[in-house]
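With compact mmCIF, C-alpha atoms inside, this is target-v7.txt:
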# COMPACT_ATOMS: atom_id res chain seq x y z
CA SER C 1 219.42 45.10 124.01
CA VAL C 2 220.46 42.24 126.26
CA GLY C 3 223.50 43.12 128.35
CA VAL C 4 223.16 46.89 127.81
CA GLU C 5 222.95 48.94 131.01
CA LYS C 6 220.05 51.38 131.04
CA ASP C 7 219.38 54.30 133.38
CA TYR C 8 215.97 55.04 134.85
CA LEU C 9 214.97 58.45 136.20
CA VAL C 10 212.04 59.31 138.46
CA PHE C 11 211.51 62.96 139.37
CA ALA C 12 209.06 65.34 140.98
CA ALA C 13 208.83 68.82 139.48
CA LYS C 14 208.51 71.91 141.64
CA GLY C 15 205.12 71.97 143.31
CA GLN C 16 204.64 68.24 142.77
CA LYS C 17 205.27 64.91 144.51
CA ALA C 18 206.04 61.55 142.95
CA SER C 19 206.25 57.93 144.03
CA VAL C 20 207.57 54.73 142.53
CA VAL C 21 207.68 51.04 143.38
CA LEU C 22 211.13 49.68 142.57
CA PRO C 23 211.60 46.23 140.95
CA ASP C 24 212.13 44.54 144.34
CA GLY C 25 208.95 46.02 145.82
CA SER C 26 210.67 48.81 147.76
CA LYS C 27 208.78 52.10 147.65
CA VAL C 28 210.08 55.65 147.24
CA TRP C 29 208.21 58.95 147.67
CA LEU C 30 209.86 62.07 146.21
CA ASN C 31 209.35 65.59 147.52
CA SER C 32 209.12 68.59 145.23
CA ASP C 33 212.17 69.29 143.01
CA SER C 34 213.73 65.88 143.72
CA GLU C 35 214.86 62.90 141.67
CA ILE C 36 216.26 59.38 141.91
CA LYS C 37 218.20 57.34 139.38
CA TYR C 38 218.83 53.61 139.12
CA THR C 39 219.77 51.13 136.40
CA ASN C 40 218.26 47.95 135.02
CA LEU C 41 220.81 46.09 137.17
CA TYR C 42 218.78 47.02 140.23
CA GLY C 43 217.70 43.84 142.00
CA ASP C 44 220.13 41.68 140.02
CA GLY C 45 223.06 41.52 142.41
CA GLU C 46 222.66 45.12 143.61
CA ARG C 47 220.13 47.59 144.96
CA ILE C 48 221.70 50.98 144.33
CA ILE C 49 219.96 54.27 143.64
CA SER C 50 221.19 57.88 143.58
CA LEU C 51 219.21 60.74 145.09
CA ASP C 52 219.17 64.48 144.54
CA GLY C 53 216.71 66.30 146.77
CA GLU C 54 214.44 64.72 149.39
CA ALA C 55 212.83 61.28 149.54
CA TYR C 56 211.14 58.86 151.91
CA PHE C 57 211.87 55.14 151.56
CA GLU C 58 210.16 51.91 152.57
CA VAL C 59 212.73 49.25 151.77
CA ARG C 60 211.84 45.59 151.19
CA LYS C 61 214.02 43.51 153.50
CA ASN C 62 216.70 41.39 151.85
CA GLU C 63 219.59 40.39 154.11
CA LYS C 64 221.64 39.18 151.15
CA LEU C 65 221.23 42.34 149.14
CA PRO C 66 221.66 45.68 150.97
CA PHE C 67 219.85 48.77 149.72
CA ASP C 68 222.24 51.68 149.02
CA VAL C 69 221.28 55.31 148.55
CA MET C 70 224.05 57.43 147.07
CA THR C 71 224.05 61.22 147.35
CA LYS C 72 226.63 63.90 146.74
CA GLU C 73 227.30 64.39 150.46
CA LEU C 74 226.55 61.02 152.09
CA ASN C 75 225.69 57.38 151.46
CA VAL C 76 223.16 55.27 153.35
CA LYS C 77 223.04 51.46 153.54
CA VAL C 78 220.03 49.50 154.83
CA LEU C 79 218.60 45.97 154.78
CA GLY C 80 214.94 46.78 155.32
CA THR C 81 213.59 49.91 156.96
CA SER C 82 211.66 53.18 156.64
CA PHE C 83 213.67 56.41 156.53
CA CYS C 84 214.06 59.74 154.82
CA ILE C 85 216.99 61.64 153.32
CA ASN C 86 217.17 65.36 152.63
CA THR C 87 220.06 66.73 150.55
CA PHE C 88 218.73 70.24 149.84
CA GLY C 89 220.97 71.77 152.52
CA ASP C 90 218.66 74.74 153.16
CA ASN C 91 220.22 75.41 156.58
CA GLY C 92 223.69 74.22 155.58
CA LYS C 93 222.97 70.62 156.59
CA VAL C 94 221.80 67.42 154.92
CA TYR C 95 220.35 64.60 156.96
CA THR C 96 219.07 61.06 157.27
CA ALA C 97 216.23 60.36 159.71
CA LEU C 98 215.17 56.82 160.64
CA GLU C 99 211.58 55.81 161.30
CA SER C 100 212.03 52.04 161.68
CA GLY C 101 214.76 49.42 161.29
CA VAL C 102 218.47 50.23 161.20
CA VAL C 103 220.53 52.29 158.76
CA GLU C 104 224.23 52.93 158.38
CA MET C 105 225.19 56.42 157.27
CA ASP C 106 228.59 56.93 155.65
CA CYS C 107 229.66 60.57 155.87
CA GLY C 108 233.09 60.03 154.31
CA ARG C 109 236.53 60.20 155.90
CA GLU C 110 235.78 56.87 157.63
CA ASN C 111 233.01 58.61 159.58
CA THR C 112 230.10 56.14 159.90
CA LEU C 113 227.02 56.23 162.10
CA ILE C 114 224.45 53.57 162.96
CA LEU C 115 221.01 55.10 163.50
CA ALA C 116 218.19 53.76 165.66
CA PRO C 117 214.50 54.63 165.10
CA GLY C 118 213.69 58.23 165.98
CA GLN C 119 217.24 59.45 165.40
CA VAL C 120 218.60 61.77 162.77
CA ALA C 121 222.18 62.12 161.53
CA GLU C 122 223.11 65.49 160.09
CA LEU C 123 226.06 66.40 157.92
CA ASP C 124 227.19 70.02 157.87
CA VAL C 125 228.00 70.64 154.21
CA ARG C 126 230.11 73.59 155.29
CA ARG C 127 232.36 71.17 157.22
CA PRO C 128 232.58 67.96 155.14
CA GLY C 129 233.03 64.81 157.21
CA ALA C 130 231.38 66.21 160.35
CA CYS C 131 228.37 64.17 161.53
CA VAL C 132 226.03 65.01 164.37
CA ARG C 133 223.85 62.39 166.01
CA MET C 134 220.57 63.49 167.56
CA SER C 135 217.81 61.54 169.33
CA GLU C 136 214.09 62.03 169.97
CA VAL C 137 213.45 63.42 166.51
CA SER C 138 209.91 63.50 165.11
CA VAL C 139 210.36 61.70 161.81
CA GLU C 140 206.66 62.24 161.16
CA GLN C 141 207.30 65.99 161.20
CA LEU C 142 210.22 65.67 158.80
CA VAL C 143 208.14 63.75 156.27
CA ALA C 144 204.94 65.81 156.64
CA TRP C 145 205.39 66.75 152.97
CA LYS C 146 204.44 63.15 152.13
CA LYS C 147 200.96 63.94 153.52
CA GLY C 148 200.75 67.27 151.71
CA LEU C 149 201.78 69.51 154.62
CA PHE C 150 204.37 72.11 155.48
CA CYS C 151 205.28 71.39 159.11
CA PHE C 152 207.35 73.99 160.98
CA ARG C 153 208.47 73.93 164.62
CA GLN C 154 210.24 77.16 165.55
CA THR C 155 211.79 77.04 162.10
CA SER C 156 213.75 80.09 161.02
CA LEU C 157 211.90 82.17 158.46
CA PRO C 158 214.74 82.07 155.89
CA ASP C 159 214.70 78.24 156.03
CA ILE C 160 210.91 78.25 155.62
CA LEU C 161 211.07 80.56 152.62
CA LYS C 162 213.65 78.35 150.93
CA GLN C 163 211.15 75.48 151.11
CA VAL C 164 208.37 77.75 149.86
CA ALA C 165 210.52 79.01 146.96
CA ARG C 166 211.28 75.47 145.84
CA TYR C 167 207.68 74.31 146.07
CA TYR C 168 205.97 77.31 144.44
CA ASP C 169 208.84 77.99 142.00
CA VAL C 170 209.34 81.59 143.08
CA HIS C 171 212.30 83.74 144.07
CA PHE C 172 212.50 85.78 147.29
CA MET C 173 214.18 89.17 147.40
CA ASN C 174 215.62 90.77 150.56
CA LEU C 175 215.77 87.43 152.37
CA GLU C 176 218.11 88.97 154.93
CA ASP C 177 215.14 90.99 156.26
CA ALA C 178 213.59 87.73 157.43
CA GLU C 179 216.53 86.78 159.66
CA GLY C 180 215.72 86.55 163.33
CA GLU C 181 212.13 85.48 162.69
CA ALA C 182 210.79 81.97 163.43
CA TYR C 183 207.48 80.27 162.81
CA THR C 184 205.54 77.28 164.18
CA GLY C 185 202.56 75.80 162.38
CA ASP C 186 201.19 73.25 159.91
CA ILE C 187 200.00 74.51 156.53
CA SER C 188 198.52 72.55 153.63
CA ARG C 189 200.59 72.50 150.47
CA ASN C 190 197.34 72.85 148.50
CA VAL C 191 196.79 76.48 149.47
CA SER C 192 197.80 79.33 147.20
CA LEU C 193 201.10 81.13 147.70
CA GLU C 194 199.18 84.24 148.76
CA VAL C 195 197.32 82.34 151.50
CA LEU C 196 200.48 80.67 152.80
CA LEU C 197 202.48 83.91 152.95
CA GLY C 198 199.54 85.66 154.56
CA ALA C 199 199.45 83.05 157.33
CA ILE C 200 203.17 83.43 157.95
CA SER C 201 203.03 87.23 157.90
CA ALA C 202 200.17 87.23 160.42
CA GLN C 203 202.27 85.25 162.89
CA THR C 204 205.58 87.06 162.51
CA THR C 205 206.45 90.32 164.17
CA ASP C 206 207.29 92.72 161.34
CA ILE C 207 207.56 90.95 157.98
CA GLN C 208 205.24 91.30 154.99
CA PHE C 209 205.35 90.04 151.42
CA LYS C 210 204.56 91.45 148.01
CA ILE C 211 204.24 89.09 145.01
CA VAL C 212 205.19 90.39 141.57
CA ASN C 213 205.00 87.67 138.92
CA ARG C 214 207.36 84.95 140.19
CA THR C 215 209.29 87.22 142.55
CA VAL C 216 208.35 87.80 146.20
CA TYR C 217 209.62 90.96 147.87
CA ILE C 218 210.14 90.91 151.65
CA THR C 219 209.66 94.20 153.47
CA LYS C 220 209.31 95.32 157.06
CA LYS C 221 205.82 96.17 158.32
CA ARG C 222 205.21 99.83 158.96
CA ASP C 223 204.19 100.98 162.41
How does the structure come out when it is put into structure tokens?
Amino acid sequence: SVGVEKDYLVFAAKGQKASVVLPDGSKVWLNSDSEIKYTNLYGDGERIISLDGEAYFEVRKNEKLPFDVMTKELNVKVLGTSFCINTFGDNGKVYTALESGVVEMDCGRENTLILAPGQVAELDVRRPGACVRMSEVSVEQLVAWKKGLFCFRQTSLPDILKQVARYYDVHFMNLEDAEGEAYTGDISRNVSLEVLLGAISAQTTDIQFKIVNRTVYITKKRD
């Protein structure tokens, strides 16, 4: 009906990706287990979407109509740019990373950052309102999922397994046994869970995995 506000939802299930072209031509790619919402008012006096999970954006420039991404922990305002946002908080932090253009990140408590290309702003969800600004970040690495890759650079094994659990829809037991381990490598997201865990186990010092239905047990390798 004319004048009735409607909500639109775009989501990617676990193990899947999704993409959408918004009414103004802006593009959004969603990582596994992520979703965005917007209304039929989008483009008519506002460009506001809400995000839960992880997404990469290519925003159509419009100086008169900023593009706003609202999340539980932070809000991001742009005019026209390419950037990504991750709200999963696997390592206790959510972040915005800028590939091109300029974005303004509102962390709450009047704490605002302006990001330049190649920079990432992190928010420690354990300390609301605390922002950290970092430079020389590989945005390409952060959005490797868009190309169908897991990309790890000395990433802690617990953080890796949280990503794996979300993508393959499994649950890890004894995750504390993986603490202290780190892994570097690029792995296709098209491989089976068994192949991926085998590659990780071969590169770590003393961790192995056993898959039982949708549960993965972590144990120490025997000498």
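The coordinates place CA of Leu9 in chain C at 27.8 Å from CA of Ser188 in chain C.
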Selection near range 27-33 of chain C, 7 Å with only C-alpha atoms, sequence-local residues under 4 positions removed, as a PDB file with C-alpha atoms, in the frame of the given file:
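Result written to selection12.pdb:
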ATOM      1  CA  ALA C  12     209.060  65.340 140.980  1.00  0.00           C
ATOM      2  CA  ALA C  13     208.830  68.820 139.480  1.00  0.00           C
ATOM      3  CA  LYS C  14     208.510  71.910 141.640  1.00  0.00           C
ATOM      4  CA  GLY C  15     205.120  71.970 143.310  1.00  0.00           C
ATOM      5  CA  GLN C  16     204.640  68.240 142.770  1.00  0.00           C
ATOM      6  CA  LYS C  17     205.270  64.910 144.510  1.00  0.00           C
ATOM      7  CA  ALA C  18     206.040  61.550 142.950  1.00  0.00           C
ATOM      8  CA  SER C  19     206.250  57.930 144.030  1.00  0.00           C
ATOM      9  CA  VAL C  20     207.570  54.730 142.530  1.00  0.00           C
ATOM     10  CA  VAL C  21     207.680  51.040 143.380  1.00  0.00           C
ATOM     11  CA  LEU C  22     211.130  49.680 142.570  1.00  0.00           C
ATOM     12  CA  GLY C  53     216.710  66.300 146.770  1.00  0.00           C
ATOM     13  CA  GLU C  54     214.440  64.720 149.390  1.00  0.00           C
ATOM     14  CA  ALA C  55     212.830  61.280 149.540  1.00  0.00           C
ATOM     15  CA  TYR C  56     211.140  58.860 151.910  1.00  0.00           C
ATOM     16  CA  PHE C  57     211.870  55.140 151.560  1.00  0.00           C
ATOM     17  CA  GLU C  58     210.160  51.910 152.570  1.00  0.00           C
ATOM     18  CA  VAL C  59     212.730  49.250 151.770  1.00  0.00           C
ATOM     19  CA  TRP C 145     205.390  66.750 152.970  1.00  0.00           C
ATOM     20  CA  ARG C 166     211.280  75.470 145.840  1.00  0.00           C
ATOM     21  CA  TYR C 167     207.680  74.310 146.070  1.00  0.00           C
TER      22      TYR C 167
END
Find the spatial neighbours of range 111-123 of chain C, counting only C-alpha atoms, within a cut-off of 12 Å - ignore same-chain residues fewer than 3 positions away - and output them as JSON, numbers by chain. {"C": [71, 72, 73, 74, 75, 76, 77, 78, 81, 82, 83, 84, 85, 86, 87, 88, 89, 91, 92, 93, 94, 95, 96, 97, 98, 99, 100, 101, 102, 103, 104, 105, 106, 107, 108, 126, 127, 128, 129, 130, 131, 132, 133, 134, 135, 136, 137, 138, 139, 140, 141, 142]}
So that I can see what lies close to Asn174 in chain C, please list as a PyMOL selection string the residues with an atom at most 12 Å from it, counting only C-alpha atoms and leaving out residues fewer than 4 positions away in the same chain. chain C and resi 158+161+178-179+207-210+215-220
Nearest residue to Arg60 in chain C out of C:Leu193, C:Gly80, C:Ser34, C:Lys147, using only C-alpha atoms?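 For Arg60 in chain C, the nearest of the candidates is C:Gly80.
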With distances taken over only C-alpha atoms, which of C:Val212, C:Leu196, C:Leu79, C:Ile187 is nearest to Val170 in chain C?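 Among the listed residues, C:Val212 lies closest to Val170 in chain C.
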From C:Ser192, C:Val143, C:Cys151, C:Met70, residue lying nearest Asp52 in chain C [all atoms listed in the file]: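 With all atoms listed in the file as the atom set, the closest residue is C:Met70.
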d(CA of Val125 in chain C, CA of Thr184 in chain C) in Å: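 Going from CA of Val125 in chain C over to CA of Thr184 in chain C, I get 25.5 Å.
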Ref. answer, residues at most 12 Å from (217.7, 42.7, 149.7) with all atoms listed in the file, as a list in words: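 The residues that fall inside the cut-off are Leu22, Pro23, Asp24, Gly25, Ser26, Tyr42, Gly43, Asp44, Gly45, Glu46, Arg47, Ile48, Val59, Arg60, Lys61, Asn62, Glu63, Lys64, Leu65, Pro66, Phe67, Asp68, Lys77, Val78, Leu79, Gly80 and Thr81 of chain C.
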Residues within 7 Å of Glu181 in chain C, please, as an mmCIF file with C-alpha atoms, in the coordinates of the input. Count all atoms listed in the file; anything in the same chain fewer than 6 positions from it doesn't count.
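To be explicit, this is the file written out as selection33.cif:
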data_model
loop_
_atom_site.group_PDB
_atom_site.id
_atom_site.type_symbol
_atom_site.label_atom_id
_atom_site.label_comp_id
_atom_site.auth_asym_id
_atom_site.auth_seq_id
_atom_site.Cartn_x
_atom_site.Cartn_y
_atom_site.Cartn_z
ATOM 1 C CA SER C 156 213.750 80.090 161.020
ATOM 2 C CA LEU C 157 211.900 82.170 158.460
ATOM 3 C CA THR C 204 205.580 87.060 162.510
#
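Our summary of the geometry notes that CA of Tyr38 in chain C is positioned 5.8 Å from CA of Asp7 in chain C.
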Is it possible to get the axis-aligned box enclosing range 16-22 of chain C (all listed atoms, 6 Å extra per side) as lines of an AutoDock Vina configuration file, with centre and edge lengths in Å rounded to one decimal?
center_x = 207.9
center_y = 59.0
center_z = 143.5
size_x = 18.5
size_y = 30.6
size_z = 14.0
Write out N, CA, C and O atoms for range 25-43 of chain C, as a CSV table (one decimal), in the frame of the given file.
chain,number,residue,atom,x,y,z
C,25,GLY,N,210.1,45.7,145.0
C,25,GLY,CA,209.0,46.0,145.8
C,25,GLY,C,209.2,47.2,146.8
C,25,GLY,O,208.2,47.6,147.5
C,26,SER,N,210.4,47.7,146.9
C,26,SER,CA,210.7,48.8,147.8
C,26,SER,C,210.0,50.0,147.2
C,26,SER,O,209.8,50.2,146.0
C,27,LYS,N,209.5,50.9,148.1
C,27,LYS,CA,208.8,52.1,147.6
C,27,LYS,C,209.5,53.4,148.0
C,27,LYS,O,210.2,53.5,149.0
C,28,VAL,N,209.4,54.4,147.1
C,28,VAL,CA,210.1,55.6,147.2
C,28,VAL,C,209.1,56.8,147.0
C,28,VAL,O,208.4,56.7,146.0
C,29,TRP,N,209.0,57.7,147.9
C,29,TRP,CA,208.2,59.0,147.7
C,29,TRP,C,209.2,60.1,147.5
C,29,TRP,O,210.1,60.3,148.3
C,30,LEU,N,209.0,60.9,146.5
C,30,LEU,CA,209.9,62.1,146.2
C,30,LEU,C,209.2,63.4,146.5
C,30,LEU,O,208.0,63.6,146.1
C,31,ASN,N,209.9,64.2,147.3
C,31,ASN,CA,209.4,65.6,147.5
C,31,ASN,C,209.6,66.5,146.3
C,31,ASN,O,210.2,66.1,145.3
C,32,SER,N,209.0,67.6,146.3
C,32,SER,CA,209.1,68.6,145.2
C,32,SER,C,210.6,68.9,144.8
C,32,SER,O,211.5,68.9,145.7
C,33,ASP,N,210.8,69.0,143.5
C,33,ASP,CA,212.2,69.3,143.0
C,33,ASP,C,213.2,68.2,143.4
C,33,ASP,O,214.3,68.6,143.8
C,34,SER,N,212.8,67.0,143.3
C,34,SER,CA,213.7,65.9,143.7
C,34,SER,C,213.7,64.8,142.7
C,34,SER,O,212.8,64.7,141.9
C,35,GLU,N,214.8,64.0,142.6
C,35,GLU,CA,214.9,62.9,141.7
C,35,GLU,C,215.7,61.7,142.2
C,35,GLU,O,216.6,61.9,143.0
C,36,ILE,N,215.4,60.5,141.7
C,36,ILE,CA,216.3,59.4,141.9
C,36,ILE,C,216.6,58.8,140.6
C,36,ILE,O,215.9,58.9,139.6
C,37,LYS,N,217.8,58.1,140.6
C,37,LYS,CA,218.2,57.3,139.4
C,37,LYS,C,218.6,55.9,139.8
C,37,LYS,O,219.2,55.7,140.9
C,38,TYR,N,218.3,55.0,138.9
C,38,TYR,CA,218.8,53.6,139.1
C,38,TYR,C,218.9,53.0,137.7
C,38,TYR,O,218.5,53.5,136.7
C,39,THR,N,219.6,51.8,137.7
C,39,THR,CA,219.8,51.1,136.4
C,39,THR,C,219.0,49.8,136.3
C,39,THR,O,218.4,49.4,137.3
C,40,ASN,N,219.0,49.2,135.2
C,40,ASN,CA,218.3,48.0,135.0
C,40,ASN,C,219.0,46.8,135.7
C,40,ASN,O,218.5,45.7,135.8
C,41,LEU,N,220.1,47.1,136.4
C,41,LEU,CA,220.8,46.1,137.2
C,41,LEU,C,220.2,46.0,138.6
C,41,LEU,O,220.6,45.1,139.3
C,42,TYR,N,219.4,47.0,138.9
C,42,TYR,CA,218.8,47.0,140.2
C,42,TYR,C,218.0,45.7,140.5
C,42,TYR,O,217.2,45.3,139.7
C,43,GLY,N,218.3,45.1,141.6
C,43,GLY,CA,217.7,43.8,142.0
C,43,GLY,C,218.4,42.6,141.5
C,43,GLY,O,218.2,41.5,141.9
